[in-house]
>>> print(open('model_24.pdb').read())   # PDB, C-alpha atoms and all ligand atoms
ATOM      1  CA  MET A 208      83.571 -19.285 -77.617
ATOM      2  CA  GLN A 209      86.259 -21.654 -76.343
ATOM      3  CA  ASP A 210      85.176 -24.766 -74.519
ATOM      4  CA  PRO A 211      85.445 -23.740 -70.855
ATOM      5  CA  ILE A 212      85.675 -27.354 -69.661
ATOM      6  CA  SER A 213      88.647 -29.658 -70.082
ATOM      7  CA  ILE A 214      89.683 -32.927 -68.553
ATOM      8  CA  ASP A 215      92.735 -33.123 -66.333
ATOM      9  CA  ILE A 216      93.333 -36.885 -66.171
ATOM     10  CA  LYS A 217      96.626 -36.610 -64.302
ATOM     11  CA  ASN A 218      95.055 -34.801 -61.394
ATOM     12  CA  ARG A 219      91.726 -36.592 -61.852
ATOM     13  CA  ARG A 220      89.670 -33.459 -62.094
ATOM     14  CA  ILE A 221      87.575 -31.438 -64.476
ATOM     15  CA  ALA A 222      89.481 -28.288 -65.276
ATOM     16  CA  THR A 223      87.112 -25.370 -65.601
ATOM     17  CA  SER A 224      87.896 -21.880 -66.661
ATOM     18  CA  PRO A 225      85.939 -18.893 -65.348
ATOM     19  CA  GLU A 226      84.316 -18.787 -68.776
ATOM     20  CA  LEU A 227      82.036 -21.617 -67.695
ATOM     21  CA  ALA A 228      80.365 -19.461 -65.083
ATOM     22  CA  ASP A 229      79.960 -16.740 -67.682
ATOM     23  CA  ALA A 230      78.733 -19.126 -70.357
ATOM     24  CA  CYS A 231      75.971 -20.784 -68.372
ATOM     25  CA  PHE A 232      73.380 -18.233 -67.375
ATOM     26  CA  THR A 233      71.132 -20.796 -65.621
ATOM     27  CA  CYS A 234      68.320 -20.499 -68.142
ATOM     28  CA  GLY A 235      67.281 -24.109 -67.478
ATOM     29  CA  THR A 236      66.729 -25.039 -71.130
ATOM     30  CA  CYS A 237      68.927 -28.091 -70.605
ATOM     31  CA  ALA A 238      66.891 -29.265 -67.613
ATOM     32  CA  SER A 239      63.527 -28.752 -69.249
ATOM     33  CA  GLY A 240      64.210 -31.214 -72.068
ATOM     34  CA  CYS A 241      66.258 -33.723 -70.085
ATOM     35  CA  PRO A 242      64.707 -37.178 -69.639
ATOM     36  CA  ALA A 243      66.869 -37.803 -66.570
ATOM     37  CA  THR A 244      65.923 -34.688 -64.634
ATOM     38  CA  ASN A 245      64.363 -35.632 -61.298
ATOM     39  CA  LEU A 246      65.591 -39.223 -61.472
ATOM     40  CA  VAL A 247      68.141 -38.295 -58.841
ATOM     41  CA  PRO A 248      66.550 -35.988 -56.269
ATOM     42  CA  GLY A 249      68.285 -32.630 -56.248
ATOM     43  CA  TRP A 250      70.072 -33.034 -59.582
ATOM     44  CA  ASP A 251      69.451 -31.901 -63.122
ATOM     45  CA  PRO A 252      71.900 -30.806 -65.828
ATOM     46  CA  ARG A 253      71.660 -27.137 -64.958
ATOM     47  CA  LYS A 254      72.473 -27.803 -61.315
ATOM     48  CA  ALA A 255      75.346 -30.102 -62.268
ATOM     49  CA  ILE A 256      76.869 -27.494 -64.588
ATOM     50  CA  ARG A 257      76.449 -24.781 -61.982
ATOM     51  CA  ALA A 258      78.004 -26.993 -59.306
ATOM     52  CA  ILE A 259      81.047 -27.574 -61.538
ATOM     53  CA  ALA A 260      81.288 -23.865 -62.346
ATOM     54  CA  LEU A 261      81.331 -23.182 -58.609
ATOM     55  CA  GLY A 262      84.167 -25.646 -58.012
ATOM     56  CA  LEU A 263      82.021 -28.480 -56.661
ATOM     57  CA  GLU A 264      83.093 -30.903 -59.381
ATOM     58  CA  GLN A 265      83.940 -33.699 -56.952
ATOM     59  CA  GLU A 266      80.390 -33.577 -55.604
ATOM     60  CA  VAL A 267      79.087 -34.138 -59.144
ATOM     61  CA  ILE A 268      81.597 -36.927 -59.813
ATOM     62  CA  ASP A 269      80.643 -38.665 -56.561
ATOM     63  CA  SER A 270      76.914 -38.309 -57.182
ATOM     64  CA  LYS A 271      74.623 -40.654 -59.082
ATOM     65  CA  TRP A 272      73.863 -37.893 -61.566
ATOM     66  CA  PRO A 273      76.426 -38.741 -64.307
ATOM     67  CA  TRP A 274      75.133 -42.339 -64.298
ATOM     68  CA  VAL A 275      71.474 -41.530 -64.834
ATOM     69  CA  CYS A 276      72.331 -39.066 -67.600
ATOM     70  CA  THR A 277      71.846 -41.114 -70.771
ATOM     71  CA  LEU A 278      74.325 -38.972 -72.750
ATOM     72  CA  CYS A 279      71.511 -38.442 -75.245
ATOM     73  CA  GLY A 280      72.696 -34.893 -75.967
ATOM     74  CA  ARG A 281      69.352 -33.067 -75.938
ATOM     75  CA  CYS A 282      70.641 -30.568 -73.387
ATOM     76  CA  GLN A 283      73.724 -29.738 -75.405
ATOM     77  CA  TYR A 284      71.735 -29.393 -78.597
ATOM     78  CA  ALA A 285      69.364 -26.943 -76.918
ATOM     79  CA  CYS A 286      71.825 -24.941 -74.807
ATOM     80  CA  PRO A 287      71.865 -21.375 -76.165
ATOM     81  CA  MET A 288      75.408 -20.866 -74.875
ATOM     82  CA  GLY A 289      77.017 -23.942 -76.404
ATOM     83  CA  VAL A 290      78.017 -25.486 -73.076
ATOM     84  CA  GLN A 291      79.546 -28.946 -73.669
ATOM     85  CA  LEU A 292      77.255 -30.872 -71.348
ATOM     86  CA  ILE A 293      77.807 -34.350 -72.808
ATOM     87  CA  LYS A 294      81.554 -34.045 -72.593
ATOM     88  CA  THR A 295      81.244 -32.762 -69.044
ATOM     89  CA  PHE A 296      79.039 -35.575 -67.788
ATOM     90  CA  ARG A 297      81.041 -38.261 -69.548
ATOM     91  CA  THR A 298      84.186 -36.783 -68.036
ATOM     92  CA  CYS A 299      82.563 -37.239 -64.629
ATOM     93  CA  ARG A 300      82.283 -40.942 -65.437
ATOM     94  CA  ILE A 301      85.924 -41.128 -66.514
ATOM     95  CA  LEU A 302      87.002 -39.511 -63.260
ATOM     96  CA  ARG A 303      85.069 -41.906 -61.037
ATOM     97  CA  GLU A 304      87.313 -44.474 -59.340
ATOM     98  CA  ARG A 305      86.847 -47.747 -61.265
ATOM     99  CA  ASP A 306      85.735 -49.725 -58.215
ATOM    100  CA  LEU A 307      82.997 -47.140 -57.648
ATOM    101  CA  VAL A 308      81.589 -47.398 -61.182
ATOM    102  CA  PRO A 309      78.096 -49.001 -61.133
ATOM    103  CA  ASP A 310      78.814 -52.695 -60.921
ATOM    104  CA  PRO A 311      77.025 -54.114 -64.011
ATOM    105  CA  LEU A 312      78.722 -51.568 -66.286
ATOM    106  CA  HIS A 313      82.181 -52.142 -64.866
ATOM    107  CA  ARG A 314      81.729 -55.914 -64.764
ATOM    108  CA  GLY A 315      80.506 -55.976 -68.385
ATOM    109  CA  THR A 316      83.443 -53.847 -69.509
ATOM    110  CA  MET A 317      85.947 -56.138 -67.805
ATOM    111  CA  MET A 318      84.172 -59.273 -69.045
ATOM    112  CA  ASN A 319      84.441 -57.960 -72.577
ATOM    113  CA  PHE A 320      88.132 -57.255 -72.055
ATOM    114  CA  GLU A 321      88.761 -60.759 -70.734
ATOM    115  CA  ARG A 322      86.417 -62.874 -72.876
ATOM    116  CA  GLY A 323      85.514 -60.800 -75.932
ATOM    117  CA  ASN A 324      81.891 -60.064 -75.083
ATOM    118  CA  ASN A 325      80.065 -58.269 -72.290
ATOM    119  CA  LEU A 326      78.349 -61.368 -70.926
ATOM    120  CA  GLY A 327      81.225 -63.825 -71.181
ATOM    121  CA  ILE A 328      79.482 -66.190 -73.621
ATOM    122  CA  PRO A 329      81.932 -68.999 -74.525
ATOM    123  CA  THR A 330      82.900 -69.293 -78.197
ATOM    124  CA  ASP A 331      81.618 -72.866 -78.521
ATOM    125  CA  ASP A 332      78.184 -71.918 -77.162
ATOM    126  CA  PHE A 333      78.015 -68.935 -79.493
ATOM    127  CA  LEU A 334      78.929 -70.971 -82.570
ATOM    128  CA  PHE A 335      76.498 -73.723 -81.618
ATOM    129  CA  LEU A 336      73.712 -71.154 -81.267
ATOM    130  CA  LEU A 337      74.484 -69.554 -84.646
ATOM    131  CA  ALA A 338      74.366 -72.942 -86.362
ATOM    132  CA  ASP A 339      71.131 -73.832 -84.596
ATOM    133  CA  LEU A 340      69.422 -70.545 -85.451
ATOM    134  CA  GLY A 341      70.563 -70.893 -89.046
ATOM    135  CA  VAL A 342      68.764 -74.237 -89.305
ATOM    136  CA  GLU A 343      65.670 -72.726 -87.690
ATOM    137  CA  MET A 344      65.610 -69.989 -90.307
ATOM    138  CA  GLU A 345      66.175 -72.393 -93.147
ATOM    139  CA  GLU A 346      63.285 -74.576 -91.991
ATOM    140  CA  ASP A 347      60.979 -71.848 -90.658
ATOM    141  CA  GLU A 348      57.362 -72.913 -91.220
ATOM    142  CA  LYS A 349      56.038 -69.497 -92.199
ATOM    143  CA  GLN A 350      59.048 -67.896 -93.869
ATOM    144  CA  PRO A 351      61.591 -70.560 -94.792
ATOM    145  CA  CYS A 352      64.970 -69.415 -96.120
ATOM    146  CA  PRO A 353      66.270 -72.305 -98.219
ATOM    147  CA  GLY A 354      70.041 -72.594 -98.143
ATOM    148  CA  PHE A 355      70.455 -70.128 -95.281
ATOM    149  CA  TYR A 356      73.312 -70.510 -92.800
ATOM    150  CA  VAL A 357      75.259 -68.064 -90.656
ATOM    151  CA  PRO A 358      78.600 -67.411 -92.354
ATOM    152  CA  VAL A 359      81.239 -67.335 -89.617
ATOM    153  CA  ASP A 360      84.746 -65.983 -90.311
ATOM    154  CA  LYS A 361      84.084 -65.716 -94.040
ATOM    155  CA  GLU A 362      87.081 -64.107 -95.663
ATOM    156  CA  GLY A 363      86.401 -61.363 -98.210
ATOM    157  CA  ALA A 364      82.730 -60.861 -97.295
ATOM    158  CA  ASN A 365      81.178 -57.503 -97.988
ATOM    159  CA  ILE A 366      79.946 -56.809 -94.436
ATOM    160  CA  ILE A 367      81.036 -57.932 -90.979
ATOM    161  CA  VAL A 368      78.292 -57.780 -88.370
ATOM    162  CA  THR A 369      78.863 -57.164 -84.681
ATOM    163  CA  VAL A 370      76.422 -58.566 -82.128
ATOM    164  CA  ASN A 371      74.868 -57.229 -78.937
ATOM    165  CA  SER A 372      75.636 -60.034 -76.457
ATOM    166  CA  LYS A 373      72.217 -59.723 -74.854
ATOM    167  CA  GLU A 374      70.783 -61.213 -78.053
ATOM    168  CA  PRO A 375      72.582 -64.569 -78.002
ATOM    169  CA  PHE A 376      72.185 -64.554 -74.223
ATOM    170  CA  ALA A 377      68.477 -63.789 -73.916
ATOM    171  CA  GLU A 378      66.826 -62.831 -77.226
ATOM    172  CA  PRO A 379      68.489 -64.914 -79.951
ATOM    173  CA  ASP A 380      65.585 -64.539 -82.379
ATOM    174  CA  ASP A 381      66.315 -60.796 -82.583
ATOM    175  CA  MET A 382      69.440 -61.583 -84.610
ATOM    176  CA  LYS A 383      67.239 -63.076 -87.306
ATOM    177  CA  PHE A 384      65.787 -59.679 -88.232
ATOM    178  CA  TRP A 385      69.113 -58.625 -89.762
ATOM    179  CA  TRP A 386      69.763 -62.047 -91.186
ATOM    180  CA  ARG A 387      66.449 -62.041 -93.022
ATOM    181  CA  ILE A 388      67.355 -58.702 -94.607
ATOM    182  CA  PHE A 389      70.732 -60.115 -95.691
ATOM    183  CA  TYR A 390      69.065 -63.201 -97.073
ATOM    184  CA  ALA A 391      66.484 -61.208 -99.046
ATOM    185  CA  ALA A 392      69.166 -58.839-100.345
ATOM    186  CA  LYS A 393      71.551 -61.710-101.181
ATOM    187  CA  GLU A 394      74.144 -59.866 -99.111
ATOM    188  CA  ASP A 395      77.630 -61.268 -98.663
ATOM    189  CA  TRP A 396      78.195 -61.002 -94.904
ATOM    190  CA  THR A 397      79.916 -62.620 -91.989
ATOM    191  CA  ILE A 398      80.239 -62.737 -88.179
ATOM    192  CA  SER A 399      83.544 -63.177 -86.396
ATOM    193  CA  SER A 400      83.843 -66.229 -84.168
ATOM    194  CA  THR A 401      85.707 -64.167 -81.546
ATOM    195  CA  ASN A 402      85.502 -60.608 -80.212
ATOM    196  CA  TRP A 403      82.138 -60.142 -81.911
ATOM    197  CA  GLU A 404      80.649 -57.836 -79.265
ATOM    198  CA  GLY A 405      79.044 -54.739 -80.761
ATOM    199  CA  VAL A 406      78.160 -52.828 -77.599
ATOM    200  CA  ASN A 407      81.024 -50.806 -76.244
ATOM    201  CA  TRP A 408      80.519 -50.454 -72.506
ATOM    202  CA  GLY A 409      83.879 -48.731 -72.206
ATOM    203  CA  LEU A 410      82.086 -45.744 -73.729
ATOM    204  CA  PHE A 411      79.328 -45.834 -71.139
ATOM    205  CA  SER A 412      81.464 -46.706 -68.126
ATOM    206  CA  GLY A 413      84.002 -43.957 -68.834
ATOM    207  CA  ASP A 414      86.766 -46.499 -69.408
ATOM    208  CA  ASP A 415      88.520 -45.005 -72.428
ATOM    209  CA  GLU A 416      91.255 -47.622 -72.520
ATOM    210  CA  ASN A 417      88.753 -50.448 -72.877
ATOM    211  CA  TRP A 418      86.690 -48.370 -75.302
ATOM    212  CA  LYS A 419      89.752 -48.172 -77.524
ATOM    213  CA  ILE A 420      90.575 -51.867 -77.135
ATOM    214  CA  GLN A 421      87.022 -52.833 -78.104
ATOM    215  CA  VAL A 422      87.053 -50.664 -81.221
ATOM    216  CA  GLY A 423      90.486 -52.058 -82.110
ATOM    217  CA  ARG A 424      89.241 -55.632 -81.857
ATOM    218  CA  VAL A 425      86.330 -54.987 -84.206
ATOM    219  CA  LEU A 426      88.699 -53.338 -86.663
ATOM    220  CA  GLU A 427      91.139 -56.224 -86.350
ATOM    221  CA  ASN A 428      88.363 -58.702 -87.184
ATOM    222  CA  ALA A 429      87.534 -56.722 -90.314
ATOM    223  CA  ARG A 430      91.176 -56.605 -91.341
ATOM    224  CA  ARG A 431      91.790 -60.287 -90.620
ATOM    225  CA  LEU A 432      88.806 -61.280 -92.739
ATOM    226  CA  LYS A 433      89.497 -58.607 -95.387
ATOM    227  CA  VAL A 434      86.054 -57.043 -94.970
ATOM    228  CA  LYS A 435      85.639 -53.372 -95.785
ATOM    229  CA  THR A 436      82.304 -52.586 -94.105
ATOM    230  CA  ILE A 437      81.532 -52.961 -90.393
ATOM    231  CA  LEU A 438      77.921 -53.031 -89.261
ATOM    232  CA  TYR A 439      77.057 -52.038 -85.715
ATOM    233  CA  PRO A 440      73.407 -52.963 -85.275
ATOM    234  CA  GLU A 441      73.426 -51.181 -81.881
TER     235      GLU A 441
HETATM  236  S1  LIG A 501      70.944 -24.609 -71.247
HETATM  237 FE1  LIG A 501      73.104 -24.003 -71.163
HETATM  238  S2  LIG A 501      73.081 -21.918 -70.411
HETATM  239 FE2  LIG A 501      71.068 -22.786 -69.950
HETATM  240  S3  LIG A 501      71.274 -23.625 -67.872
HETATM  241 FE3  LIG A 501      71.744 -25.272 -69.262
HETATM  242  S4  LIG A 501      73.979 -25.230 -69.491
HETATM  243 FE4  LIG A 501      73.344 -23.245 -68.635
HETATM  244  S1  LIG A 502      72.659 -35.781 -72.171
HETATM  245 FE1  LIG A 502      72.139 -36.272 -70.041
HETATM  246  S2  LIG A 502      71.778 -34.285 -69.080
HETATM  247 FE2  LIG A 502      71.664 -33.978 -71.290
HETATM  248  S3  LIG A 502      69.484 -34.191 -71.823
HETATM  249 FE3  LIG A 502      70.427 -36.206 -72.105
HETATM  250  S4  LIG A 502      70.117 -37.252 -70.145
HETATM  251 FE4  LIG A 502      69.796 -35.060 -69.763
END
>>> encode(input="model_24.pdb", output="structure tokens", more="lines below")
Ligand code: SF4
Ligand code: SF4
Amino acid sequence: MQDPISIDIKNRRIATSPELADACFTCGTCASGCPATNLVPGWDPRKAIRAIALGLEQEVIDSKWPWVCTLCGRCQYACPMGVQLIKTFRTCRILRERDLVPDPLHRGTMMNFERGNNLGIPTDDFLFLLADLGVEMEEDEKQPCPGFYVPVDKEGANIIVTVNSKEPFAEPDDMKFWWRIFYAAKEDWTISSTNWEGVNWGLFSGDDENWKIQVGRVLENARRLKVKTILYPE
């Protein structure tokens, strides 16, 4: 069966063919396994798909529904008719006017675009923190790691690691879990001093241009440092 849903960016709409109405027979399998059902009164994936099939796509785009959907994909996996629910709900996000995107998501996406990470952490602060945490690990009372340091911008390393900015911002010790594995495995790894963000909010905010830019920056870091393997801990 052909996908009955396509995105019409130029006209900012979801283009649906009559096949969608035929494909979805309102069985409710998608709704029954959806963790977001009932989080927005009146909405669940079945109702959203039916609304779109009936030409009420703008109502879905304007609703909170696409933003509480986690894009986990359980509905699509279970749908007996192969309806592309994830694509549909993400398309709703793409088609939302940018200034109406939930503020933290849009702000984080733009912050990443402007400063290279979602929370706008300055490079000097980030590097200072990495050096500090490295010393902590080296001198840890219970599990010391003699000789450990965080290798920044190491050319030719085996792995380049991206970072979720919430870790340096609020939970810096969480970064040590990976570092301890690298240390134990004698891995040759590195972190870029710039554009190190590993969480792509362009994906979640429906901002495909920034999604692409973010991926490109991570790739550029790997190329600049001649590293072949990229690790996304997120
Ligand atoms: S599981 Fe598929 S066919 Fe059933 S209601 Fe949901 S979208 Fe429609
Ligand atoms: S992708 Fe969205 S609609 Fe589908 S099960 Fe997950 S949260 Fe529910």
>>> residues_near_ligand(input="model_24.pdb", ligand="ligand LIG 502 (chain A)", cutoff="10 Å", atoms="only C-alpha atoms and all ligand atoms", output="VMD selection string")
chain A and resid 236 to 244 246 250 to 253 255 to 256 272 to 286 291 to 297
>>> resolve_selection(input="model_24.pdb", expression="the PyMOL selection byres (((chain A and resi 367) around 7) and not hetatm)", output="mmCIF file with C-alpha atoms, in the frame of the given file")
data_model
loop_
_atom_site.group_PDB
_atom_site.id
_atom_site.type_symbol
_atom_site.label_atom_id
_atom_site.label_comp_id
_atom_site.auth_asym_id
_atom_site.auth_seq_id
_atom_site.Cartn_x
_atom_site.Cartn_y
_atom_site.Cartn_z
ATOM 1 C CA ILE A 366 79.946 -56.809 -94.436
ATOM 2 C CA VAL A 368 78.292 -57.780 -88.370
ATOM 3 C CA THR A 369 78.863 -57.164 -84.681
ATOM 4 C CA TRP A 396 78.195 -61.002 -94.904
ATOM 5 C CA THR A 397 79.916 -62.620 -91.989
ATOM 6 C CA ILE A 398 80.239 -62.737 -88.179
ATOM 7 C CA ALA A 429 87.534 -56.722 -90.314
ATOM 8 C CA VAL A 434 86.054 -57.043 -94.970
ATOM 9 C CA THR A 436 82.304 -52.586 -94.105
ATOM 10 C CA ILE A 437 81.532 -52.961 -90.393
ATOM 11 C CA LEU A 438 77.921 -53.031 -89.261
#
>>> atom_distance(input="model_24.pdb", atom1="atom CA of Asp360 of chain A", atom2="atom CA of Lys435 of chain A")
13.8 Å
>>> axis_aligned_box(input="model_24.pdb", around="segment 270-288 of chain A", padding_each_side="8 Å", output="lines of an AutoDock Vina configuration file")
center_x = 73.1
center_y = -31.6
center_z = -67.9
size_x = 23.6
size_y = 37.5
size_z = 37.4
>>> resolve_selection(input="model_24.pdb", expression="the PyMOL selection byres (((chain A and resi 300) around 10) and not hetatm)", output="count of residues only")
25
>>> closest_residue(input="model_24.pdb", among="A:Ile420, A:Asn218, A:Glu404, A:Ser270", to="Gly327 of chain A", atoms="only C-alpha atoms")
A:Glu404
>>> atom_distance(input="model_24.pdb", atom1="atom CA of Asn417 of chain A", atom2="atom CA of Arg219 of chain A")
18.0 Å
>>> closest_residue(input="model_24.pdb", among="A:Pro248, A:Gly262, A:Gly341, A:Pro440", to="Val359 of chain A", atoms="only C-alpha atoms")
A:Gly341
>>> closest_residue(input="model_24.pdb", among="A:Asn325, A:Gly405, A:Asp347, A:Val342", to="Phe376 of chain A", atoms="all atoms listed in the file")
A:Asn325
>>> resolve_selection(input="model_24.pdb", expression="the PyMOL selection byres (((chain A and resi 211) around 12) and not hetatm)", output="MDAnalysis selection string")
chainID A and resid 208:210 212:214 221:231 256 259:260 288:292 294:295
>>> residues_around(input="model_24.pdb", residues="Phe355 of chain A", least_positions_apart="2", cutoff="6 Å", atoms="only C-alpha atoms", output="list in words")
Glu345, Cys352 and Pro353 of chain A
>>> closest_residue(input="model_24.pdb", among="A:Asp381, A:Asp215, A:Glu427, A:Glu416", to="Phe320 of chain A", atoms="only C-alpha atoms")
A:Glu416
>>> residues_around(input="model_24.pdb", residues="segment 407-409 of chain A", least_positions_apart="5", cutoff="7 Å", atoms="only C-alpha atoms", output="ChimeraX atom specification")
/A:312,315-316,414-415,417-418,421
>>> atom_distance(input="model_24.pdb", atom1="atom CA of Asn371 of chain A", atom2="atom CA of Val406 of chain A")
5.7 Å
>>> closest_residue(input="model_24.pdb", among="A:Gly323, A:Lys433, A:Trp403, A:Arg424", to="Asn365 of chain A", atoms="only C-alpha atoms")
A:Lys433
>>> closest_residue(input="model_24.pdb", among="A:Leu261, A:Leu334, A:Thr233, A:Gly249", to="Thr401 of chain A", atoms="all atoms listed in the file")
A:Leu334
>>> build_atoms(input="model_24.pdb", residues="segment 279-306 of chain A", atoms="N, CA and C atoms", output="tab-separated table (two decimals), keeping the file's coordinate frame")
chain	number	residue	atom	x	y	z
A	279	CYS	N	72.30	-38.57	-74.00
A	279	CYS	CA	71.51	-38.44	-75.24
A	279	CYS	C	71.83	-37.16	-76.01
A	280	GLY	N	72.26	-36.12	-75.30
A	280	GLY	CA	72.70	-34.89	-75.97
A	280	GLY	C	71.62	-33.84	-76.18
A	281	ARG	N	70.41	-34.07	-75.71
A	281	ARG	CA	69.35	-33.07	-75.94
A	281	ARG	C	69.71	-31.73	-75.29
A	282	CYS	N	70.28	-31.80	-74.10
A	282	CYS	CA	70.64	-30.57	-73.39
A	282	CYS	C	71.65	-29.75	-74.19
A	283	GLN	N	72.65	-30.44	-74.68
A	283	GLN	CA	73.72	-29.74	-75.40
A	283	GLN	C	73.20	-29.14	-76.71
A	284	TYR	N	72.32	-29.87	-77.35
A	284	TYR	CA	71.74	-29.39	-78.60
A	284	TYR	C	70.94	-28.11	-78.34
A	285	ALA	N	70.27	-28.07	-77.19
A	285	ALA	CA	69.36	-26.94	-76.92
A	285	ALA	C	70.05	-25.77	-76.22
A	286	CYS	N	71.19	-26.00	-75.62
A	286	CYS	CA	71.82	-24.94	-74.81
A	286	CYS	C	72.15	-23.72	-75.68
A	287	PRO	N	71.62	-22.56	-75.33
A	287	PRO	CA	71.86	-21.38	-76.17
A	287	PRO	C	73.30	-20.87	-76.07
A	288	MET	N	74.05	-21.37	-75.06
A	288	MET	CA	75.41	-20.87	-74.88
A	288	MET	C	76.47	-21.87	-75.33
A	289	GLY	N	76.05	-22.98	-75.88
A	289	GLY	CA	77.02	-23.94	-76.40
A	289	GLY	C	77.83	-24.65	-75.34
A	290	VAL	N	77.28	-24.77	-74.13
A	290	VAL	CA	78.02	-25.49	-73.08
A	290	VAL	C	78.11	-26.97	-73.45
A	291	GLN	N	79.29	-27.55	-73.27
A	291	GLN	CA	79.55	-28.95	-73.67
A	291	GLN	C	79.08	-29.89	-72.57
A	292	LEU	N	77.78	-30.07	-72.47
A	292	LEU	CA	77.26	-30.87	-71.35
A	292	LEU	C	77.60	-32.35	-71.47
A	293	ILE	N	77.54	-32.91	-72.67
A	293	ILE	CA	77.81	-34.35	-72.81
A	293	ILE	C	79.24	-34.65	-72.40
A	294	LYS	N	80.14	-33.85	-72.93
A	294	LYS	CA	81.55	-34.04	-72.59
A	294	LYS	C	81.75	-33.93	-71.08
A	295	THR	N	81.09	-32.98	-70.48
A	295	THR	CA	81.24	-32.76	-69.04
A	295	THR	C	80.78	-33.97	-68.25
A	296	PHE	N	79.59	-34.48	-68.59
A	296	PHE	CA	79.04	-35.58	-67.79
A	296	PHE	C	79.78	-36.89	-68.05
A	297	ARG	N	80.25	-37.05	-69.29
A	297	ARG	CA	81.04	-38.26	-69.55
A	297	ARG	C	82.39	-38.17	-68.83
A	298	THR	N	82.94	-36.97	-68.77
A	298	THR	CA	84.19	-36.78	-68.04
A	298	THR	C	84.01	-37.16	-66.57
A	299	CYS	N	82.84	-36.84	-66.02
A	299	CYS	CA	82.56	-37.24	-64.63
A	299	CYS	C	82.66	-38.76	-64.49
A	300	ARG	N	82.19	-39.47	-65.50
A	300	ARG	CA	82.28	-40.94	-65.44
A	300	ARG	C	83.74	-41.39	-65.49
A	301	ILE	N	84.51	-40.76	-66.38
A	301	ILE	CA	85.92	-41.13	-66.51
A	301	ILE	C	86.64	-40.93	-65.18
A	302	LEU	N	86.28	-39.86	-64.48
A	302	LEU	CA	87.00	-39.51	-63.26
A	302	LEU	C	86.52	-40.28	-62.03
A	303	ARG	N	85.50	-41.08	-62.17
A	303	ARG	CA	85.07	-41.91	-61.04
A	303	ARG	C	86.07	-43.05	-60.85
A	304	GLU	N	86.43	-43.34	-59.59
A	304	GLU	CA	87.31	-44.47	-59.34
A	304	GLU	C	86.65	-45.73	-59.92
A	305	ARG	N	87.45	-46.59	-60.56
A	305	ARG	CA	86.85	-47.75	-61.26
A	305	ARG	C	86.04	-48.65	-60.34
A	306	ASP	N	86.50	-48.82	-59.09
A	306	ASP	CA	85.74	-49.72	-58.22
A	306	ASP	C	84.48	-49.06	-57.67
